[in-house]
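Just below is one structure, and these are the notes that go with it.
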Amino acid sequence: MKYVIIGNGIAAAGAVEGIRSQDKDGAIAVIDGEQRGSYSRPLITYYLAGKRKAEQMRYRPRDFFVQQGVTVIPDEAVQIDAQARQVILRSGQVVGYDRLLLATGASPIIPDIPGAGQSDWVKTLYTWQDAEQLDLLVTPGQTAVVMGSGLIGLKAAEALYQRGMKVSIIEKQSQILPRILSRTSADRVSEHLQSGGMEIITGREVTRIHEEHQVELDDGSRIEAQLVIVAIGTKPNLALAADCGLAVERGVLVDSRLRTSDANIYAAGDVIETADILTGFPSIMALLPLAHQEGFIAGQNMAGGDCAYPGGLSMNSVNLLGMNIIAAGSPQISGQTWLWQQGEQYLELVTESGRLVRYIALQMPQVTGPLTSLIEKQIKLPESFWQEFISRPGLNRLQPYWEALKGVQDNDHRRCWAI
Amino acid sequence: MKVVSSAEYCLGCGLCRINCAAGHDGYNGSILKAYKRGTPRPRADLIIDKDQSWLNTCQHCPDAPCVNACITGALQKDDRGVVFIEEEICVSCYTCIMVCPYGHILPGEKAVLKCDLCRERSGQPACVAACPNGALQLVDEGEIA
């Protein structure tokens, strides 16, 4: 069996591990368009902040691909010939496959406003190379504007701030981290960042970036900026998939085995559209844990396994200027809200008919693991439990959960995916 | 392999945590060195409930969600199935804490803290060896349901 993986991100590493868990001998080729090896994308903001050196960026050990018997081809895939089962590379080289994995990831969205295209001072932060370029532009004392207050935007802002720049974050929604936090929790995080010295402007959109180093907002005001980072979101890299006729919507469409509309082609990671396990709705969930898990499951299936992917759960953990923020679940499901606050700690839960559907935890990571698990496993607990738990949240208040956990271990998709 | 903690026999004395800290970070089992001169960093928490207590040990899951979710590759599984952390690589993002169904992994300044079954020490894990009432036992997968 001959396997080809397009992309060398997290899903690709997961796929290599998944394939090798089933097939020790088949030839695997990884087409690495970025040509930087297997590195951890979230670490680029740590790199920019000066907290990680180049040799600390790897996601897997240096000899990973050698150990796994993988050929890495430092070239870009430009076309898939699904009929002939071939991938055509930029150099003209043609690579044949029996099973192909599309792990082409995503790219930053560039807003359609004057001046937002990449220039020598308007940048995106998505690749390691982006971080290297930005690193050279950091000038302490100067002002940087970050467009967007998602995770990339805020981590980028933190990095520039910690390098001594003045930072203004512009968010068009009425709160920061709009996809992740509630209004109340977002206000707390905003206060924390502002008291640290960052400027946050919400409810305002950038309408134009002027050549004379000014960013114009929709109220006509202008902010001086020596550097702009555009971080308003990402979109799946669909071109290869769409060009060869695979079914795509917002992302590449896959079935429960992560197979695309072509029987020999699978897809995993940020490029796919998957089901939110809570709502059942199709969703683009560009999250590292899901990318690795999807890659692993797709890899197993490419090698003859039959593993179902249950869909994803939105979850994020991030530290910003010393504040830990963890949130999981779906903001789309309404239910009963439970709130607990003490000093800088904050916990917000949303339950629906006794089932946890969302939580937001600030500065209290310890309880989040069981809470994530409660959402994933949709364990139903009586209102009296939630009432007691929220009165003093802690691992010692979870007895009914520990009991329930014993009964639900070892469900099918888990067994499929032993590492 | 994992350490199984029995709430029935646990006295809540905390010797497990003390000896865990002393068994790591180069203290060579010396409680004095760890607690008097060093920074003790136990790798598991003692959970004290209303009427019982237990050491919240790592299950070293075959499907370890923490290894899957780790953004840096710091969390790994060795040949014996022991889930351990390469501390130099960890950035304390706490993604592993978010996905551990047992709430085992502990926040730490430079790296998160978790049980490594004392993989670099010979004999029983420090907590098991220290437990005065046999509440902690090292078991092989499958021995206990």
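Every chain in the structure tokens takes a letter, A first, then B, and so on in the order presented; its residues are numbered from 1, and the ligands are numbered from 1 following the presented order.
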Distance-based interface of chain B with chain A, 9 Å, counting only C-alpha atoms, as an MDAnalysis selection string: chainID B and resid 47:50 53 61:74 77 81 88:89 91:107
According to DSSP computed on the backbone, where in chain B is there strand (DSSP E)? Give the residues as a PyMOL selection string. chain B and resi 2-5+45-48+53-56+75-77+83-85+136-139
Please dump the current selection as an mmCIF file, in the first residue's frame; keep C-alpha atoms.
```
data_model
loop_
_atom_site.group_PDB
_atom_site.id
_atom_site.type_symbol
_atom_site.label_atom_id
_atom_site.label_comp_id
_atom_site.auth_asym_id
_atom_site.auth_seq_id
_atom_site.Cartn_x
_atom_site.Cartn_y
_atom_site.Cartn_z
ATOM 1 C CA LYS B 2 -1.122 2.531 36.793
ATOM 2 C CA VAL B 3 -1.363 3.282 40.472
ATOM 3 C CA VAL B 4 -4.824 2.527 41.783
ATOM 4 C CA SER B 5 -5.973 4.473 44.787
ATOM 5 C CA ASP B 45 -3.300 15.700 44.147
ATOM 6 C CA LEU B 46 -4.905 14.254 47.219
ATOM 7 C CA ILE B 47 -8.627 14.743 46.910
ATOM 8 C CA ILE B 48 -10.422 15.216 50.168
ATOM 9 C CA SER B 53 -10.036 10.872 50.438
ATOM 10 C CA TRP B 54 -7.928 9.434 47.659
ATOM 11 C CA LEU B 55 -4.857 10.166 45.589
ATOM 12 C CA ASN B 56 -5.989 11.314 42.146
ATOM 13 C CA LEU B 75 3.298 14.603 26.517
ATOM 14 C CA GLN B 76 4.342 11.211 25.281
ATOM 15 C CA LYS B 77 3.854 7.547 25.908
ATOM 16 C CA VAL B 83 2.345 8.648 29.847
ATOM 17 C CA PHE B 84 5.062 11.127 30.788
ATOM 18 C CA ILE B 85 5.951 14.731 30.117
ATOM 19 C CA LEU B 136 -2.087 2.603 46.740
ATOM 20 C CA GLN B 137 -1.256 -0.294 44.481
ATOM 21 C CA LEU B 138 0.629 -0.582 41.222
ATOM 22 C CA VAL B 139 -1.470 -2.684 38.863
#
```
Tell me, which residues of stretch 245-387 of chain A carry DSSP alpha helix (DSSP H), written as a PyMOL selection string? chain A and resi 288-302+368-377+383-387
Any idea what's packed within 7 Å of stretch 91-101 of chain A, counting only C-alpha atoms, ignoring anything in its chain fewer than 5 positions away? Could you give it as JSON, numbers by chain? {"A": [1, 2, 3, 4, 5, 6, 85, 86, 264, 265, 266, 267, 302]}
Once you have the residues from the selection above, write them out as a PDB file, in the first residue's frame, restricted to C-alpha atoms.
```pdb
ATOM      1  CA  MET A   1       0.000   0.000   0.000  1.00  0.00           C
ATOM      2  CA  LYS A   2       1.286   3.437  -0.947  1.00  0.00           C
ATOM      3  CA  TYR A   3       0.168   6.396   1.163  1.00  0.00           C
ATOM      4  CA  VAL A   4       0.565  10.050   0.317  1.00  0.00           C
ATOM      5  CA  ILE A   5      -0.202  12.868   2.734  1.00  0.00           C
ATOM      6  CA  ILE A   6      -0.522  16.431   1.470  1.00  0.00           C
ATOM      7  CA  ARG A  85      -4.327   8.485  -8.425  1.00  0.00           C
ATOM      8  CA  GLN A  86      -1.468  10.924  -8.746  1.00  0.00           C
ATOM      9  CA  ASN A 264      -9.250   6.682  -2.123  1.00  0.00           C
ATOM     10  CA  ILE A 265      -8.974  10.168  -0.669  1.00  0.00           C
ATOM     11  CA  TYR A 266      -9.362  11.032   3.013  1.00  0.00           C
ATOM     12  CA  ALA A 267      -9.162  14.418   4.705  1.00  0.00           C
ATOM     13  CA  MET A 302      -6.497   4.455   5.082  1.00  0.00           C
TER      14      MET A 302
END
```
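Relative to atom CA of A:Tyr346, atom CA of A:Gly196 is found at 18.7 Å.
Every protein or nucleic acid residue with an atom no more than 10 Å from A:Gly311, counting only C-alpha atoms and leaving out same-chain residues fewer than 6 positions away, appears here: Ser256, Leu258, Glu273, Thr274, Ala275, Asp276, Ile277, Leu278, Gly280, Phe281, Pro282, Ser283, Met285, Leu290 and Glu294 of chain A.
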Take the selection from the previous step and output its residues with N, CA and C atoms, as a PDB file, in the first residue's frame.
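What ended up in result-v1.pdb:
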```pdb
ATOM      1  N   SER A 256     -18.226   9.538   8.070  1.00  0.00           N
ATOM      2  CA  SER A 256     -17.860   9.229   9.456  1.00  0.00           C
ATOM      3  C   SER A 256     -16.495   8.552   9.550  1.00  0.00           C
ATOM      4  N   LEU A 258     -13.989   9.688   7.756  1.00  0.00           N
ATOM      5  CA  LEU A 258     -13.117  10.770   7.283  1.00  0.00           C
ATOM      6  C   LEU A 258     -12.689  10.578   5.835  1.00  0.00           C
ATOM      7  N   GLU A 273     -14.825  19.963   7.099  1.00  0.00           N
ATOM      8  CA  GLU A 273     -16.018  20.372   7.807  1.00  0.00           C
ATOM      9  C   GLU A 273     -16.463  19.140   8.581  1.00  0.00           C
ATOM     10  N   THR A 274     -16.721  19.304   9.856  1.00  0.00           N
ATOM     11  CA  THR A 274     -17.109  18.152  10.646  1.00  0.00           C
ATOM     12  C   THR A 274     -18.320  18.497  11.493  1.00  0.00           C
ATOM     13  N   ALA A 275     -18.875  17.480  12.153  1.00  0.00           N
ATOM     14  CA  ALA A 275     -20.066  17.734  12.956  1.00  0.00           C
ATOM     15  C   ALA A 275     -19.677  18.146  14.368  1.00  0.00           C
ATOM     16  N   ASP A 276     -20.346  19.164  14.872  1.00  0.00           N
ATOM     17  CA  ASP A 276     -20.231  19.525  16.278  1.00  0.00           C
ATOM     18  C   ASP A 276     -21.002  18.440  17.054  1.00  0.00           C
ATOM     19  N   ILE A 277     -20.333  17.735  17.975  1.00  0.00           N
ATOM     20  CA  ILE A 277     -21.005  16.595  18.624  1.00  0.00           C
ATOM     21  C   ILE A 277     -22.193  17.041  19.485  1.00  0.00           C
ATOM     22  N   LEU A 278     -22.217  18.293  19.853  1.00  0.00           N
ATOM     23  CA  LEU A 278     -23.332  18.757  20.684  1.00  0.00           C
ATOM     24  C   LEU A 278     -24.555  19.118  19.855  1.00  0.00           C
ATOM     25  N   GLY A 280     -24.762  18.693  16.374  1.00  0.00           N
ATOM     26  CA  GLY A 280     -24.930  17.900  15.167  1.00  0.00           C
ATOM     27  C   GLY A 280     -24.743  18.721  13.902  1.00  0.00           C
ATOM     28  N   PHE A 281     -24.589  20.039  14.043  1.00  0.00           N
ATOM     29  CA  PHE A 281     -24.444  20.898  12.868  1.00  0.00           C
ATOM     30  C   PHE A 281     -23.047  20.775  12.280  1.00  0.00           C
ATOM     31  N   PRO A 282     -22.950  20.879  10.953  1.00  0.00           N
ATOM     32  CA  PRO A 282     -21.620  20.915  10.344  1.00  0.00           C
ATOM     33  C   PRO A 282     -20.878  22.164  10.804  1.00  0.00           C
ATOM     34  N   SER A 283     -19.587  22.003  11.020  1.00  0.00           N
ATOM     35  CA  SER A 283     -18.843  23.097  11.611  1.00  0.00           C
ATOM     36  C   SER A 283     -17.386  22.997  11.175  1.00  0.00           C
ATOM     37  N   MET A 285     -13.984  23.276  12.713  1.00  0.00           N
ATOM     38  CA  MET A 285     -13.363  23.376  14.028  1.00  0.00           C
ATOM     39  C   MET A 285     -11.861  23.214  13.888  1.00  0.00           C
ATOM     40  N   LEU A 290      -8.235  18.135  17.775  1.00  0.00           N
ATOM     41  CA  LEU A 290      -9.091  17.478  16.785  1.00  0.00           C
ATOM     42  C   LEU A 290      -8.278  17.118  15.550  1.00  0.00           C
ATOM     43  N   GLU A 294      -8.230  13.429  14.257  1.00  0.00           N
ATOM     44  CA  GLU A 294      -8.750  13.153  12.910  1.00  0.00           C
ATOM     45  C   GLU A 294      -7.669  12.516  12.038  1.00  0.00           C
TER      46      GLU A 294
END
```
Please provide as a VMD selection string all residues within 6 Å of stretch 130-146 of chain A, with the sequence filter that same-chain residues fewer than 2 positions apart are discarded (counting only C-alpha atoms). chain A and resid 44 48 125 127 to 128 164 to 169 225 to 229
Selection file, C-alpha atoms, as a compact mmCIF listing (two decimals), in the first residue's frame:
```
# COMPACT_ATOMS: atom_id res chain seq x y z
CA ILE A 44 4.59 30.52 16.53
CA LEU A 48 7.35 35.71 18.27
CA LEU A 125 0.49 35.43 11.67
CA THR A 127 3.03 30.20 9.70
CA TRP A 128 6.43 29.96 11.31
CA GLY A 164 7.76 46.12 24.26
CA MET A 165 5.36 47.37 21.63
CA LYS A 166 2.21 49.35 22.33
CA VAL A 167 -0.71 47.23 21.20
CA SER A 168 -4.25 48.09 20.10
CA ILE A 169 -6.70 45.28 19.44
CA ALA A 225 0.35 51.96 13.55
CA GLN A 226 3.86 50.96 12.58
CA LEU A 227 2.71 47.36 12.29
CA VAL A 228 -0.66 45.72 11.59
CA ILE A 229 -1.49 42.06 12.14
```
